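Data file: query.tsv. Format and content: TSV, C-alpha atoms.
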chain	number	residue	atom	x	y	z
D	1	MET	CA	-0.09	-12.13	1.09
D	2	THR	CA	0.38	-15.62	2.42
D	3	SER	CA	0.95	-17.46	-0.88
D	4	GLU	CA	2.32	-16.89	-4.35
D	5	ARG	CA	-1.20	-17.39	-5.68
D	6	PRO	CA	-3.53	-15.20	-3.59
D	7	VAL	CA	-6.77	-16.90	-2.56
D	8	VAL	CA	-9.93	-15.12	-3.72
D	9	VAL	CA	-13.53	-15.98	-2.89
D	10	VAL	CA	-15.99	-14.92	-5.62
D	11	ILE	CA	-19.54	-14.42	-4.33
D	12	GLU	CA	-21.74	-14.12	-7.41
D	13	ASP	CA	-25.10	-15.69	-8.28
D	14	GLU	CA	-24.76	-15.55	-12.09
D	15	PRO	CA	-23.13	-18.81	-13.30
D	16	GLN	CA	-21.75	-17.24	-16.50
D	17	ILE	CA	-20.02	-14.44	-14.61
D	18	ARG	CA	-18.63	-16.92	-12.05
D	19	ARG	CA	-17.18	-19.07	-14.84
D	20	PHE	CA	-15.65	-16.02	-16.52
D	21	LEU	CA	-14.14	-14.79	-13.26
D	22	ARG	CA	-12.82	-18.24	-12.34
D	23	THR	CA	-11.08	-18.69	-15.70
D	24	SER	CA	-9.74	-15.13	-15.89
D	25	LEU	CA	-8.53	-14.90	-12.30
D	26	ASP	CA	-6.88	-18.31	-12.54
D	27	ALA	CA	-5.00	-17.03	-15.61
D	28	HIS	CA	-3.83	-14.08	-13.48
D	29	GLU	CA	-2.39	-16.41	-10.82
D	30	PHE	CA	-5.26	-16.35	-8.30
D	31	THR	CA	-6.63	-19.42	-6.54
D	32	VAL	CA	-10.41	-19.09	-6.89
D	33	HIS	CA	-13.24	-20.39	-4.71
D	34	GLU	CA	-16.88	-19.65	-5.52
D	35	ALA	CA	-20.21	-19.09	-3.79
D	36	GLU	CA	-23.61	-18.30	-5.32
D	37	THR	CA	-25.41	-17.09	-2.19
D	38	GLY	CA	-24.53	-14.78	0.66
D	39	LYS	CA	-24.75	-17.53	3.26
D	40	GLN	CA	-22.50	-19.78	1.20
D	41	GLY	CA	-20.12	-16.88	0.69
D	42	LEU	CA	-19.73	-16.30	4.42
D	43	VAL	CA	-18.99	-20.00	4.93
D	44	GLU	CA	-16.38	-19.93	2.14
D	45	CYS	CA	-14.75	-16.87	3.69
D	46	ALA	CA	-14.62	-18.57	7.09
D	47	THR	CA	-13.18	-21.85	5.79
D	48	ARG	CA	-10.92	-20.70	2.92
D	49	ARG	CA	-9.50	-17.64	4.73
D	50	PRO	CA	-9.09	-15.73	1.45
D	51	GLU	CA	-6.80	-12.77	0.94
D	52	VAL	CA	-9.45	-10.89	-1.04
D	53	VAL	CA	-13.19	-11.22	-1.80
D	54	VAL	CA	-15.06	-10.30	-4.99
D	55	LEU	CA	-18.70	-9.61	-4.15
D	56	ASP	CA	-21.85	-9.01	-6.18
D	57	LEU	CA	-24.46	-6.99	-4.27
D	58	GLY	CA	-27.58	-8.58	-5.82
D	59	LEU	CA	-27.53	-12.00	-4.14
D	60	PRO	CA	-30.64	-14.21	-3.91
D	61	ASP	CA	-30.69	-14.61	-0.12
D	62	MET	CA	-29.28	-11.33	1.20
D	63	ASP	CA	-28.13	-7.93	0.02
D	64	GLY	CA	-24.39	-7.64	-0.49
D	65	VAL	CA	-24.18	-4.66	1.87
D	66	GLU	CA	-25.63	-6.84	4.64
D	67	LEU	CA	-23.04	-9.51	3.83
D	68	ILE	CA	-20.23	-6.96	4.14
D	69	ARG	CA	-21.50	-5.93	7.58
D	70	LYS	CA	-21.66	-9.56	8.71
D	71	LEU	CA	-18.17	-10.25	7.37
D	72	ARG	CA	-16.74	-7.17	9.10
D	73	GLU	CA	-17.92	-8.53	12.45
D	74	TRP	CA	-15.04	-11.01	12.36
D	75	SER	CA	-12.79	-10.33	9.36
D	76	GLU	CA	-10.83	-7.47	7.79
D	77	VAL	CA	-10.30	-9.29	4.48
D	78	PRO	CA	-10.36	-6.79	1.57
D	79	VAL	CA	-13.69	-6.76	-0.28
D	80	VAL	CA	-13.97	-5.55	-3.87
D	81	VAL	CA	-17.61	-5.07	-4.89
D	82	LEU	CA	-18.48	-6.02	-8.48
D	83	SER	CA	-22.00	-4.79	-9.17
D	84	ALA	CA	-24.35	-3.52	-11.86
D	85	ARG	CA	-25.54	-0.88	-9.38
D	86	SER	CA	-23.88	2.33	-10.53
D	87	GLN	CA	-25.61	4.92	-8.33
D	88	GLU	CA	-23.39	6.87	-5.95
D	89	ALA	CA	-25.69	6.01	-3.05
D	90	ASP	CA	-25.08	2.28	-3.65
D	91	LYS	CA	-21.32	2.79	-3.80
D	92	ILE	CA	-21.33	4.85	-0.60
D	93	ALA	CA	-23.50	2.28	1.23
D	94	ALA	CA	-21.12	-0.55	0.32
D	95	LEU	CA	-17.98	1.41	1.18
D	96	GLU	CA	-19.37	2.63	4.51
D	97	ALA	CA	-20.34	-0.95	5.36
D	98	GLY	CA	-16.67	-1.88	4.97
D	99	ALA	CA	-15.96	-2.60	1.29
D	100	ASP	CA	-12.51	-1.59	0.06
D	101	ASP	CA	-13.37	-0.86	-3.55
D	102	TYR	CA	-16.24	-0.82	-6.04
D	103	VAL	CA	-16.19	-1.86	-9.72
D	104	VAL	CA	-19.29	-1.36	-11.88
D	105	LYS	CA	-20.50	-3.97	-14.39
D	106	PRO	CA	-19.84	-4.24	-17.28
D	107	PHE	CA	-16.18	-4.25	-16.35
D	108	GLY	CA	-12.77	-4.82	-17.89
D	109	MET	CA	-10.81	-7.74	-16.48
D	110	GLY	CA	-7.63	-5.67	-16.48
D	111	GLU	CA	-9.23	-3.06	-14.24
D	112	LEU	CA	-10.63	-5.67	-11.85
D	113	VAL	CA	-7.27	-7.43	-11.49
D	114	ALA	CA	-5.56	-4.09	-10.88
D	115	ARG	CA	-8.09	-3.23	-8.16
D	116	LEU	CA	-7.58	-6.65	-6.56
D	117	ARG	CA	-3.81	-6.16	-6.54
D	118	VAL	CA	-4.25	-2.76	-4.87
D	119	ALA	CA	-6.55	-4.29	-2.25
D	120	LEU	CA	-3.94	-6.97	-1.55
D	121	ARG	CA	-1.20	-4.34	-1.14
D	122	HIS	CA	-3.47	-2.38	1.21
D	123	SER	CA	-4.05	-5.48	3.30
D	124	ALA	CA	-0.33	-6.24	3.48
D	125	ALA	CA	0.51	-2.65	4.44
D	126	THR	CA	-2.05	-2.40	7.23
D	127	GLY	CA	-0.93	-5.77	8.56
D	128	GLU	CA	2.55	-4.43	9.26
D	129	ASP	CA	2.00	-3.08	12.75
D	130	ALA	CA	5.52	-1.70	13.05
D	131	GLN	CA	5.26	0.36	9.89
D	132	SER	CA	5.69	4.03	10.69
D	133	VAL	CA	7.00	5.39	7.38
D	134	PHE	CA	4.86	5.40	4.25
D	135	ARG	CA	6.47	6.02	0.86
D	136	ALA	CA	4.80	6.68	-2.46
D	137	GLY	CA	6.98	7.89	-5.30
D	138	GLU	CA	8.70	11.08	-4.10
D	139	LEU	CA	6.38	11.35	-1.09
D	140	GLU	CA	7.41	10.17	2.38
D	141	VAL	CA	5.23	10.32	5.51
D	142	ASP	CA	6.99	9.56	8.81
D	143	LEU	CA	4.26	8.96	11.38
D	144	LEU	CA	6.65	8.50	14.29
D	145	ASN	CA	8.27	11.90	13.82
D	146	ARG	CA	5.22	13.60	12.26
D	147	ARG	CA	7.35	14.56	9.27
D	148	VAL	CA	6.34	14.84	5.61
D	149	ARG	CA	8.87	15.08	2.79
D	150	ARG	CA	8.59	15.38	-0.97
D	151	ALA	CA	11.61	14.68	-3.19
D	152	GLY	CA	13.77	14.81	-0.06
D	153	ALA	CA	12.57	18.24	1.08
D	154	ASP	CA	10.45	18.83	4.19
D	155	VAL	CA	6.87	19.93	3.53
D	156	HIS	CA	5.02	22.04	6.10
D	157	LEU	CA	1.42	20.95	6.64
D	158	THR	CA	-1.15	22.46	8.96
D	159	PRO	CA	-2.40	20.12	11.72
D	160	THR	CA	-5.64	19.48	9.82
D	161	GLU	CA	-3.84	18.82	6.53
D	162	TYR	CA	-1.56	16.38	8.34
D	163	ARG	CA	-4.47	14.52	9.98
D	164	LEU	CA	-6.20	14.17	6.62
D	165	LEU	CA	-3.04	12.87	4.95
D	166	VAL	CA	-2.45	10.34	7.74
D	167	VAL	CA	-5.95	8.88	7.41
D	168	LEU	CA	-5.43	8.51	3.66
D	169	VAL	CA	-1.98	6.92	3.80
D	170	LYS	CA	-3.07	4.46	6.49
D	171	HIS	CA	-5.61	3.07	3.99
D	172	PRO	CA	-3.60	2.88	0.75
D	173	GLY	CA	-5.72	1.92	-2.24
D	174	LYS	CA	-8.97	1.93	-0.24
D	175	VAL	CA	-11.80	4.23	-1.31
D	176	LEU	CA	-12.67	6.40	1.70
D	177	THR	CA	-16.04	8.12	1.63
D	178	GLN	CA	-16.39	11.84	2.25
D	179	ARG	CA	-18.44	11.16	5.38
D	180	PHE	CA	-15.76	8.83	6.78
D	181	LEU	CA	-12.96	11.33	6.18
D	182	LEU	CA	-14.92	14.22	7.65
D	183	LYS	CA	-15.75	12.26	10.81
D	184	GLU	CA	-12.18	11.00	11.19
D	185	VAL	CA	-10.50	14.37	10.66
D	186	TRP	CA	-13.01	16.98	11.85
D	187	GLY	CA	-15.35	14.96	14.06
D	188	PRO	CA	-18.96	13.68	13.92
D	189	GLY	CA	-20.47	17.16	13.78
D	190	TYR	CA	-18.87	17.80	10.37
D	191	ALA	CA	-20.12	14.70	8.52
D	192	GLU	CA	-22.07	16.81	6.01
D	193	SER	CA	-19.43	19.52	5.49
D	194	ALA	CA	-17.99	18.26	2.19
D	195	HIS	CA	-16.67	21.72	1.27
D	196	TYR	CA	-14.07	21.45	4.06
D	197	LEU	CA	-12.76	18.29	2.45
D	198	ARG	CA	-12.53	19.81	-1.04
D	199	ILE	CA	-10.55	22.78	0.25
D	200	TYR	CA	-8.06	20.73	2.25
D	201	MET	CA	-7.60	18.12	-0.49
D	202	ALA	CA	-6.80	20.95	-2.91
D	203	ASN	CA	-4.24	22.30	-0.43
D	204	LEU	CA	-2.63	18.89	0.01
D	205	ARG	CA	-2.35	18.42	-3.75
D	206	LYS	CA	-0.66	21.80	-4.15
D	207	LYS	CA	1.92	20.84	-1.54
D	208	LEU	CA	2.44	17.17	-2.34
D	209	GLU	CA	1.69	16.54	-6.02
D	210	ALA	CA	4.10	17.40	-8.83
D	211	ASP	CA	1.06	18.45	-10.89
D	212	PRO	CA	-1.95	19.23	-8.64
D	213	ALA	CA	-4.27	19.24	-11.67
D	214	GLN	CA	-3.18	15.66	-12.53
D	215	PRO	CA	-2.65	14.04	-9.12
D	216	ARG	CA	-0.87	10.69	-8.93
D	217	HIS	CA	-1.45	9.86	-5.26
D	218	LEU	CA	-4.40	11.90	-3.92
D	219	LEU	CA	-7.18	10.69	-6.20
D	220	THR	CA	-10.86	11.63	-6.36
D	221	GLU	CA	-13.62	9.02	-6.59
D	222	THR	CA	-16.31	11.28	-8.04
D	223	GLY	CA	-19.32	11.73	-5.80
D	224	VAL	CA	-18.02	9.17	-3.31
D	225	GLY	CA	-14.75	10.22	-1.71
D	226	TYR	CA	-10.99	9.88	-2.13
D	227	ARG	CA	-8.29	7.23	-2.54
D	228	PHE	CA	-4.57	7.33	-1.73
D	229	ASP	CA	-2.66	5.59	-4.53
D	230	ALA	CA	0.74	4.47	-3.28
D	231	GLY	CA	1.92	3.51	-6.77
D	232	ALA	CA	4.84	5.32	-8.37
Any chance you could give the structure as structure tokens?
Amino acid sequence: MTSERPVVVVIEDEPQIRRFLRTSLDAHEFTVHEAETGKQGLVECATRRPEVVVLDLGLPDMDGVELIRKLREWSEVPVVVLSARSQEADKIAALEAGADDYVVKPFGMGELVARLRVALRHSAATGEDAQSVFRAGELEVDLLNRRVRRAGADVHLTPTEYRLLVVLVKHPGKVLTQRFLLKEVWGPGYAESAHYLRIYMANLRKKLEADPAQPRHLLTETGVGYRFDAGA
């Protein structure tokens, strides 16, 4: 983060929702800039250089997924989608286009602010090029030495389990789709093999979570994919 008050661009065509977001986010110490169309939103992102973007998908001049693709051509700013579209296919389309998170309307302001904070932490973590050790609670992943520890004790992972964990920890807080994880870990030919992912995620939870049935770090986004939560 580059300021005490993170800059957020809200791209939303409904005036009432924009007013609510502006007031609420300002109260949570964000500096807010607004846009009511996709084209205007891209201009705001280019000129304001925000640290996070809140995006509605149903814009009057372009679909939000198209906007994400255009934005990703030149920016890695975290994008949190805020949309009334609740179908898994819509979530997957937005995430695969490059969104970091997805919140469904109607929404609670507390949840949205929490998701924005996570997106900001993700952005800060990935911006630290020299970072080679990731820590989350009792879990420690040392990328340089390919070493995983839990509560100070070494944990043995298979090569595939390790590759899966590395992809997750390199994107803390970001929702990663099943297709993305399968392609990254197993290769393009396995993009539809979701059962591989379920098996290996279960194995990782058994080895790394204090309570695999109630995971704190390796979280499921039902029907969409998985998220690594670096919180305590």
- [ ] Would you mind listing what lies within 10 Å of Arg150 in chain D as a PyMOL selection string, with all atoms listed in the file counted and same-chain residues fewer than 5 positions away left out?
- [x] chain D and resi 135-141+155+207-210
Task: Nearest to Glu161 in chain D by atom-to-atom distance, counting all atoms listed in the file, from D:Tyr200, D:Phe180, D:Phe134, D:Tyr190 - done: D:Tyr200
Open item on the list: Residues proximal to (-20.0, 0.5, 10.5) were defined as those with any atom within 10 Å of that point in the file's coordinates, counting all atoms listed in the file. Which are they, as JSON, numbers by chain?
Closed with: {"D": [68, 69, 72, 73, 95, 96, 97, 98]}
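Taking CA of Pro188 in chain D as the reference point, CA of Asn203 in chain D is found at 22.3 Å.
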Task: Atomic distance CA of Lys183 in chain D - CA of Leu164 in chain D, expressed in Å with one decimal - done: 10.6 Å
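Between CA of Ala194 in chain D and CA of Lys105 in chain D there is a distance of 27.8 Å.
Shortest atom-to-atom contact with Val148 in chain D among D:Val169, D:Leu21, D:Met109, D:Val52: D:Val169, counting only C-alpha atoms.
The closest residue to Leu157 in chain D, picked from D:Lys70, D:Lys206, D:His28, D:Arg19 and counting all atoms listed in the file, is D:Lys206.
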Open item on the list: Just want the 8 Å neighbourhood of Val9 in chain D, counted on only C-alpha atoms, with same-chain residues fewer than 6 positions away dropped. Output as a list in words.
Closed with: Val32, His33, Glu34, Ala35, Gly41, Glu44, Cys45, Arg48, Pro50, Val52, Val53 and Val54 of chain D
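With only C-alpha atoms as the atoms that count, the minimum distance from Val43 in chain D to the choices D:Leu67, D:Arg5, D:Pro172, D:His122 is reached by D:Leu67.
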Task: Contact residues around Arg85 in chain D with only C-alpha atoms at 9 Å, ignoring same-chain residues under 2 positions, as a ChimeraX atom specification - done: /D:57-58,82-83,87-88,90-91,104-105
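Excluding Arg22 in chain D itself and any same-chain residue fewer than 2 positions from it, the protein and nucleic acid residues within 9 Å of it, counting only C-alpha atoms, are Val10, Ile17, Arg18, Arg19, Phe20, Ser24, Leu25, Asp26, Ala27, Phe30, Thr31, Val32, His33 and Glu34 of chain D.
For the set D:Arg49, D:Gly38, D:Pro106, D:Ala202, the residue with the smallest atom-to-atom gap to Pro6 in chain D is D:Arg49, counting only C-alpha atoms.
The closest residue to Thr222 in chain D, picked from D:Ser86, D:Ser123, D:Thr160, D:Ser193 and counting only C-alpha atoms, is D:Ser86.
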Open item on the list: With only C-alpha atoms as the counted atoms, please give the residues lying no more than 12 Å from range 115-121 of chain D, apart from itself and same-chain residues fewer than 5 positions off, as an MDAnalysis selection string.
Closed with: chainID D and resid 1:3 5:10 25 28:30 50:55 76:82 99:104 107:110 126:128 170:175 227:231
